[in-house]
Amino acid sequence: MENSLYISPSPHIHGGDSISKNMYGVLIALVPAFLVSLYFFGLGALIVTATSVVACVLFEYLIQKFLMKKEPTICDGSAALTGVLLAFNLPSNLPIWIILIGALAAIGIGKMSFGGLGNNIFNPALVGRVFLLISFPAQMTTWPLVDALNAFPMTYTDAETGATVLSLMNEGALTQLPSYTDMFLGCKGGSLGEVSAIALLLGFAFMLWKKIITWHIPVAVIVTVFVFTGIMHLVNPAQYASPLIHILSGGLLLGAIFMATDYVTSPMTKNGMLIYGVGIGLLTSIIRLFGSYPEGMSFAILIMNALTPLINTYVKPNHFGGK
Amino acid sequence: MRTFRIGGIHPPENKLSAGKKITALAAPKQVIIPLSQHIGAPAQAVVKKGDMVKVGTLLAKVGGFVSANIHSSVSGKVNKIDNAIDASGYRRPAVFIDVEGDEWEETIDRSETLVKECNLSAKEIIDKIAAAGVVGMGGATFPTQVKLMPPPGSKAEIVIVNAVECEPYLTADHSLMLAKGEQILVGVTILMKAVGVNRAVIGIENNKPDAIAHMQKLAAQYPGVEIMPLKVKYPQGGEKQLIDAVIGKQVKSGALPISAGAIVQNVGTVYAVYEAVQKNKPLFERVVTVTGKAVKEPSNFLVRMGTPISVLIEAAGGMPENTGKIIGGGPMMGKALISAEVPVCKGSSGILLMTKEESVRKPMHDCIRCAKCVSACPMGLNPAFLMKATVYQNWEMAEKENIQDCIECGSCSYTCPAYRPLLDNIRVGKAKVMGIIRARKK
Amino acid sequence: MIIIAIITLGIIGAAGAALLYVTSKKFEVVEDPRIAQVQSVLPGANCGGCGYPGCSGFASACVKATSLDGMLCPVGGAPVMAKVASILGMEAEAAEPKIAVVRCNGTCQARPRTNVYDGTKSCAIASTLYGGETGCSFGCLGYGDCVKACSFDAIHINPQTGLPEVDEDRCTSCGACVKACPKNIIELRKKGPKSRRIFVSCVNKDKGAVARKACSNACIGCGKCAKECPFGAITVENNVAYIDFTKCRMCRKCVAVCPTGAIHELNFPPRKEAPAAPKPAAAPKPTPVAPETSKPATAVTPKPEATTQAAPAAEPENKKANE
C-alpha cells in the first residue's frame with residue numbers, strides 16, 4: 001500500500017493560503033494600533049487586550065470541546081482576532097469582569113451559537129461590544145484622559161476620565177475638539193484601538209499588500225461618510241463638524257478597515273461590498289448626526305451584517321460575457 | 001500588455017524543462033493505442049488481430065460527426081483489440097500493437113524541408129486535417145475539423161493560436177515553438193486559408209521571451225500573422241479567456257467562440273495541421289513534457305502515441321522514490337493517473353510527477369466566505385455558492401448561477417484558504433445541470 | 001378626543017378588513033379539495049420516492065391523473081394506494097413490495113486496493129474521475145452517496161466490508177439510493193416471500209480473468225448459473241449474469257454452482273439443518289475464492305440480529321406516518 005498512487009480531482013496544487021494565515025495577517029496589521037494604544041493608555045490597554053484575547057480563546061476552546069464536542073480550532077487565530085478587536089472597542093479602564101462578559105457574548109452568542117467560524121451572521125467582536133454597551137452604558141462610555149506627554153501611564157481602572165471627540169460633537173461642543181494632528185496620531189479619548197488613524201491606515205496598507213482584504217469596503221465606508229457629513233457640514237457648519245473630523249474620530253477607521261471587512265459577515269462580490277460599505281457609511285453618519293448615541297459604527301456594521309445574506313442573494317459577480 | 005479581464009490567479013510557474021530541446025524517443029516494444037483519444041464518439045477499429053500495420057496506417061475511423069481518425073504510431077502486428085486503462089481512469093477499447101521495425105507509410109513525407117506552398121482549397125485542407133485525425137492538443141482533444149467548420153450563419157474573422165501554455169510546469173508548446181517556429185507559421189497560414197480569414201494572432205505569455213522573440217522574427221515574413229505577448233495569468237489558455245485577452249470580446253454564456261468571430265487552435269494543433277496538410281503525416285506523435293520537482297531530468301520528448309508513460313519517465317531519469325501522484329497534463333487541470341502503464345495519447349501535453357508530500361490534500365474547513373474564490377474565478381461565478389448548491393443538489397439554483405459556464409480551471413480550489421474542494425463538487429454539479437439542460441432541449 | 005381616536009382607528013380597521021377581503025377574493029387559489037384528502041392519507045414523509053416533490057406534489061399528481069397506473073407511494077405501499085384510489089374512485093395498481101439490493105460484494109479482502117483516493121469522499125465525484133480505488137471499475141466505491149440519499153436511515157456502510165448494507169425493516173424502496181449510486185449497483189428487487197431473494201451480487205462487465213483479478217468475488221460471466229436455471233431466469237450479458245426476479249422461483253440451484261460465490265441468497269433457512277429460523281449471520285465473511293459452494297448463503301448477508309432489534313426504534317415513526 002505504501003507505494004500506491006494518490007488520485008484526486010484537479011487542481012493538484014494549492015496556493016498555500018489558509019484561514020490561519022489570513023487571521024494572523026489581520027492580527028499583524030493590528031500591531032501598530034496596539035502599540036499606539038500602549039503608548040497612550042499604558043497598563044490599561046495591556047490588561048484589557050490580554051484579558052479579552054485570553055477569554056475569547058478560552059471560551060472558544062471550552063465551547064468547542066465540551067458543548068459542541070468537536071476538535072477545537074483555536075489555533076486558526078480567529079478567536080484571538082475576535083479578542084483583539086473586542087478589546088480595541090473597549091475603553092482602557094474597563095473592569096476585567098465586564099470584559100469577560102463581553103468575551104462570552106462575542107464568542108458564545110456571536111460566533112459559536114451559529115456553529116463557529118464561517119457560520120455566524122454578525123461580527124462576533126461587535127456583538128460583544130454592543131452587548132456591553134447596552135448592558136453597561138456608564139462604564140462603556142467613560143474613557144480615560146489622554147496625555148501625549150505621559151507615555152505608558154501605569155493607571156488602569158483608576159484613570160482620570162474625559163470625553164471623546166464624538167461625545168463632544170454630540171453635545172455640540174465643537175470648539176473643544178482636539179487638533180487634527182492629535183486626532184491623526186491618536187492623542188484623543190476613545191476606545192483603545194480606535195484612537196490613532198495613522199496606525200490603522202498602516203494596518204490597512206499591510207492587509208492590502210498581503211491581499212488579505214480588498215479596498216472596496218473600507219473605501220466605500222470612508223467616502224460615504226465623508227460625502228454625507230460633508231454635505232451636512234456645508235449646510236450648517238456650526239452644528240455639524242467637518243467631514244475630516246468625522247473620519248478621524250470614533251471607531252470609524254477601525255470599523256471600516258477591520259470590523260466591516262470581516263470575511264464571514266461581509267458580502268462576497270465586489271459590487272456587494274460597495275453597497276455594503278455605502279450602507280455602513282450612511283447608517284453611521286445618520287446615527288452620529290441625528291441619533292442619541294454619539295457613535296454609530298457598531299450598529300451600522302451589525303445592521304449591514306444582517307443585510308449581507310440579502311446582498312449576496314441579489315448582487316452577483318460580473319459574469320463573463322455579460323448576462 | 002493584454003490579458004483577460006475577470007479573475008485569474010498566479011500559481012508558481014515551475015517551468016523546470018523550459019529551454020530543453022525536444023528529444024525524440026524511439027518506439028517501445030508494445031504500444032497501446034486507445035480508440036477514444038478525443039472528445040466525442042470513439043473511433044471504430046478497422047484493423048483486426050494479426051494485421052500488419054505501418055507507421056501512419058489507419059487503425060480506426062471516425063465513429064460520428066464529433067470524432068477523429070486514429071493511426072498507428074509504429075509498424076508491427078496488431079496483438080489484440082482489448083480494453084485497457086487509459087487516462088480516463090476506466091478500461092476502454094484500445095489497439096495493442098507489437099512493434100516490429102520502423103516502417104512508415106510511403107505517402108508520408110519524412111524529409112525535414114519546409115513546404116510553404118499550399119494550393120489546396122479550404123475544403124481539401126479540412127478533409128486532409130480530418131483524415132489525419134488532428135484534434136486539439138492542448139488537452140481538450142476536440143476534433144479540429146469540426147472546429148474549422150463553423151455552423152451556418154457564423155463567420156470567422158480571426159484565427160487565434162493558443163501558445164500561452166498557462167499551466168505551470170508544462171513546456172511542450174514552448175519547446176515546439178523554438179524548434180518548429182517556421183512550420184507553425186505555415187500551419188497558421190493554412191488554417192487562415194481553411195476558414196477564410198486574413199488575420200491570425202499567436203498569443204504567447206511573456207514568461208517565454210525567447211519564444212516571443214523567435215516567433216516575432218519569423219512572423220515578419222507572414223503577412224496577417226501577429227505575435228501577441230500576453231501578461232502571465234492563469235487560466236489564459238482557456239479558450240474564452242484567450243479570446244478576451246486577444247480581441248477583447250467576451251463570448252456569451254453558452255455560445256461558441258465563433259460567435260465572437262474567433263477560431264482558437266492550440267499551437268501543437270497548428271503544427272499537426274502543418275504536418276497533416278503539407279507532409280501527409282497523420283497525428284501519431286506529439287511533444288510531451290516530463291517534469292516534476294523530484295524528476296532527475298525534466299525534459300520535452302517527441303513521443304509516439306500509445307507509448308506507456310513509464311517509458312517516458314524512465315527516459316527522464318526514472319521514477320523518483322517518493323512519487324505520490326502521476327498527473328497526465330499540468331497541475332491545475334491535469335488528471336491523476338492510476339498507473340504508469342497508461343499510454344500517451346493525443347491530449348497528453350505533459351507528465352507531472354509529484355512527491356508524496358505534494359500530493360496529499362489538506363483537510364477542509366467550513367467556508368469563511370472570504371470570497372477569494374469569487375475574485376479568482378475567471379468566469380465571474382461564485383464558486384462557494386455553486387459548491388453549496390451542488391452539495392444540496394439544488395440544480396435550479398446552480399443553473400441560475402451559471403454553473404454550466406464553469407471551465408473547470410481550478411482557480412477556486414487553488415485559492416481557497418479553507419481547502420474546500422470547490423471544483424470537485426462544481427464539476428459534478430455542472431455535469432448534472434448540463435444533463436438537465438440537454439434533456440430539456442430534446 | 002377619545003371619540004376621534006376611536007373613529008379614526010375604526011375607519012382604518014374597516015379599510016384594512018375591506019382590503020384583505022378584496023385581495024383574498026382576488027388572489028384566491030382554488031384547490032381541488034381532493035388533493036387535501038389524498039394528502040391526508042399519504043405518509044407525509046416527503047421522501048420523494050414517488051418521483052414527485054413531496055407528498056403534496058404526489059397528491060396533486062394523483063388527482064390530476066386519469067389512472068393510477070405507475071403511481072405508487074413506496075412508503076405506504078399498496079394499502080395507502082388503495083385508500084388514495086377509493087378517494088378518487090379509481091383502481092389502484094397492485095404493487096409488489098420491493099427492496100433495495102446492493103449488487104456488489106467486493107469486500108475489502110476480496111478486492112485489493114490499487115491506489116488511494118484523496119479527493120472529496122463522494123461516489124459521484126470519484127466516479128467522474130476514474131474507476132475507483134480497486135481494479136474493479138464497476139463496483140461499489142464505498143463513499144456512501146446512497147447513505148446520504150436515504151431519508152429513512154435504512155442503508156449504511158459496513159466498515160468491515162466497505163460496502164453498503166440495506167436495513168430490510170426500514171427500507172421503503174423509495175429508490176433514492178438507486179438514483180444516488182453513480183455505478184448503478186443498487187437495484188430495487190422484489191422483496192420476495194419471507195424476504196427471501198436471490199440475486200447476482202456483482203455488476204462487473206469486464207472479462208472473466210480481468211474481473212477475477214480485480215475481485216475474487218466477482219461474477220466472471222461463466223454462464224454456469226444460466227445453464228443450471230430451470231426457469232430461464234438468468235441471462236449473461238456483457239460478462240455478467242443477471243437474475244430476472246419475475247421469473248426466479250428461488251430454487252437456489254444457481255447459488256450452488258457459482259464458482260465465485262457472486263450469487264447471493266438472503267434470508268433462506270440453512271441448507272442442511274431442518275429448522276427454518278433465519279441464521280444469524282456473524283461478521284460477514286468474504287466468500288472463499290475456491291469454488292466452495294456449500295454455504296455462500298451468509299456471505300455478505302447484511303442482517304446481523306442486532307440491526308433487526310435496533311429497527312423497532314424507528315418503527316413507531318413509520319407507523320405513525322402510515323396512519
# chains A, B, ... in the order shown; residues from 1 in each chain; ligands from 1
$ interface_residues --of "chain B" --to "chain A" --cutoff "8 Å" --atoms "only C-alpha atoms" --output "number ranges by chain"
B: 6, 11, 249-253, 323-326, 331-339, 358-360, 366-371, 374-375, 378-382, 409-411, 413-419, 423-424
$ closest_atom_pairs --of "chain B" --to "chain C" --cutoff "7 Å" --atoms "only C-alpha atoms" --output "tab-separated table"
residue	atom	partner	partner_atom	distance
B:Ser88	CA	C:Tyr130	CA	6.2
B:Gly89	CA	C:Tyr130	CA	4.1
B:Tyr90	CA	C:Gly131	CA	5.2
B:Ile338	CA	C:Asn115	CA	6.6
B:Val360	CA	C:Asp118	CA	6.8
B:Arg361	CA	C:Asp118	CA	6.8
B:Pro421	CA	C:Thr120	CA	6.6
B:Asp424	CA	C:Ile125	CA	6.3
B:Asn425	CA	C:Ile125	CA	6.8
B:Val428	CA	C:Ile125	CA	6.0
$ write_last_selection --atoms "C-alpha atoms" --output "compact mmCIF listing (two decimals), in the first residue's frame"
# COMPACT_ATOMS: atom_id res chain seq x y z
CA SER B 88 -9.78 8.45 -18.25
CA GLY B 89 -9.20 6.02 -15.39
CA TYR B 90 -11.54 3.48 -16.93
CA ILE B 338 -3.76 5.32 -11.67
CA VAL B 360 -1.85 14.86 -0.21
CA ARG B 361 -4.65 17.31 0.24
CA PRO B 421 -12.74 21.09 -2.72
CA ASP B 424 -14.62 18.65 -7.10
CA ASN B 425 -18.21 19.49 -6.34
CA VAL B 428 -20.27 17.11 -10.68
$ residues_around --residues "B:Val270" --least-positions-apart "5" --cutoff "7 Å" --atoms "only C-alpha atoms" --output "count of residues only"
4
$ residues_around --residues "stretch 42-49 of chain B" --least-positions-apart "6" --cutoff "10 Å" --atoms "only C-alpha atoms" --output "ChimeraX atom specification"
/B:34-36,57-64,66-70,77-82,92-97
$ write_last_selection --atoms "C-alpha atoms" --output "JSON list (two decimals), in the first residue's frame"
[["chain", "number", "residue", "atom", "x", "y", "z"],
["B", 34, "PRO", "CA", -6.83, 3.86, -27.21],
["B", 35, "LEU", "CA", -9.77, 4.23, -29.58],
["B", 36, "SER", "CA", -11.08, 7.31, -27.84],
["B", 57, "THR", "CA", -1.70, 3.19, -41.07],
["B", 58, "LEU", "CA", -5.30, 3.98, -40.22],
["B", 59, "LEU", "CA", -6.30, 1.92, -37.19],
["B", 60, "ALA", "CA", -9.73, 3.29, -36.59],
["B", 61, "LYS", "CA", -12.02, 5.65, -38.44],
["B", 62, "VAL", "CA", -14.33, 8.34, -37.17],
["B", 63, "GLY", "CA", -17.26, 7.00, -35.17],
["B", 64, "GLY", "CA", -19.52, 10.01, -35.56],
["B", 66, "VAL", "CA", -17.56, 14.67, -33.47],
["B", 67, "SER", "CA", -14.85, 12.04, -33.65],
["B", 68, "ALA", "CA", -11.37, 11.56, -35.08],
["B", 69, "ASN", "CA", -9.38, 9.02, -37.06],
["B", 70, "ILE", "CA", -6.68, 7.14, -35.23],
["B", 77, "LYS", "CA", 1.50, -6.57, -35.73],
["B", 78, "VAL", "CA", -1.83, -5.98, -34.06],
["B", 79, "ASN", "CA", -1.65, -8.14, -30.97],
["B", 80, "LYS", "CA", -5.22, -7.64, -29.83],
["B", 81, "ILE", "CA", -8.02, -5.16, -29.51],
["B", 82, "ASP", "CA", -8.95, -5.14, -25.88],
["B", 92, "ARG", "CA", -11.74, 1.39, -22.66],
["B", 93, "PRO", "CA", -11.09, -0.28, -26.02],
["B", 94, "ALA", "CA", -7.58, 0.08, -27.38],
["B", 95, "VAL", "CA", -5.43, -1.45, -30.10],
["B", 96, "PHE", "CA", -2.36, -3.27, -28.84],
["B", 97, "ILE", "CA", 0.46, -3.36, -31.39]]
$ residues_around --residues "B:Val295" --least-positions-apart "2" --cutoff "8 Å" --atoms "only C-alpha atoms" --output "PDB file with N, CA and C atoms, in the first residue's frame"
ATOM      1  N   THR B 291       8.034  16.111 -16.232  1.00  0.00           N
ATOM      2  CA  THR B 291       8.580  17.075 -15.285  1.00  0.00           C
ATOM      3  C   THR B 291       8.125  16.765 -13.866  1.00  0.00           C
ATOM      4  N   GLY B 292       8.607  17.536 -12.953  1.00  0.00           N
ATOM      5  CA  GLY B 292       8.288  17.343 -11.539  1.00  0.00           C
ATOM      6  C   GLY B 292       9.494  17.720 -10.717  1.00  0.00           C
ATOM      7  N   LYS B 293       9.236  18.128  -9.473  1.00  0.00           N
ATOM      8  CA  LYS B 293      10.340  18.629  -8.650  1.00  0.00           C
ATOM      9  C   LYS B 293      11.361  17.537  -8.356  1.00  0.00           C
ATOM     10  N   GLU B 297      15.764  14.581 -14.681  1.00  0.00           N
ATOM     11  CA  GLU B 297      15.971  15.412 -15.856  1.00  0.00           C
ATOM     12  C   GLU B 297      14.639  15.784 -16.487  1.00  0.00           C
ATOM     13  N   PRO B 298      14.047  16.863 -16.052  1.00  0.00           N
ATOM     14  CA  PRO B 298      12.804  17.285 -16.693  1.00  0.00           C
ATOM     15  C   PRO B 298      13.075  17.538 -18.176  1.00  0.00           C
ATOM     16  N   ALA B 316      13.422  10.139 -18.532  1.00  0.00           N
ATOM     17  CA  ALA B 316      13.684  11.392 -17.829  1.00  0.00           C
ATOM     18  C   ALA B 316      14.439  11.138 -16.533  1.00  0.00           C
ATOM     19  N   GLY B 317      15.015   9.970 -16.391  1.00  0.00           N
ATOM     20  CA  GLY B 317      15.835   9.709 -15.210  1.00  0.00           C
ATOM     21  C   GLY B 317      15.187   8.777 -14.212  1.00  0.00           C
ATOM     22  N   GLY B 318      14.088   8.179 -14.593  1.00  0.00           N
ATOM     23  CA  GLY B 318      13.480   7.177 -13.725  1.00  0.00           C
ATOM     24  C   GLY B 318      12.465   7.762 -12.760  1.00  0.00           C
ATOM     25  N   MET B 319      11.632   6.874 -12.251  1.00  0.00           N
ATOM     26  CA  MET B 319      10.576   7.285 -11.316  1.00  0.00           C
ATOM     27  C   MET B 319      11.214   7.633  -9.960  1.00  0.00           C
ATOM     28  N   PRO B 320      11.002   8.853  -9.476  1.00  0.00           N
ATOM     29  CA  PRO B 320      11.569   9.207  -8.169  1.00  0.00           C
ATOM     30  C   PRO B 320      10.996   8.324  -7.054  1.00  0.00           C
ATOM     31  N   LEU B 353       5.205  14.436 -12.235  1.00  0.00           N
ATOM     32  CA  LEU B 353       5.335  13.540 -11.086  1.00  0.00           C
ATOM     33  C   LEU B 353       5.398  14.395  -9.827  1.00  0.00           C
TER      34      LEU B 353
END
$ closest_residue --among "C:Gly44, C:Pro230, C:Pro74, C:Pro112" --to "chain A" --atoms "only C-alpha atoms"
C:Pro112
$ select_by_dssp --residues "stretch 51-268 of chain C" --states "strand (DSSP E)" --output "ChimeraX atom specification"
/C:98-102,115-117,155-158,163-166,186-190,197-200,234-237,240-243,263-266
$ select_by_dssp --residues "stretch 54-140 of chain A" --states "helix (DSSP H, G or I)" --output "number ranges by chain"
A: 54-67, 74-76, 78-88, 96-114, 124-135, 137-140
$ atom_distance --atom1 "atom CA of C:Cys202" --atom2 "atom CA of C:Ala149"
21.5 Å
$ atom_distance --atom1 "atom CA of B:Lys116" --atom2 "atom CA of B:Ser175"
21.4 Å
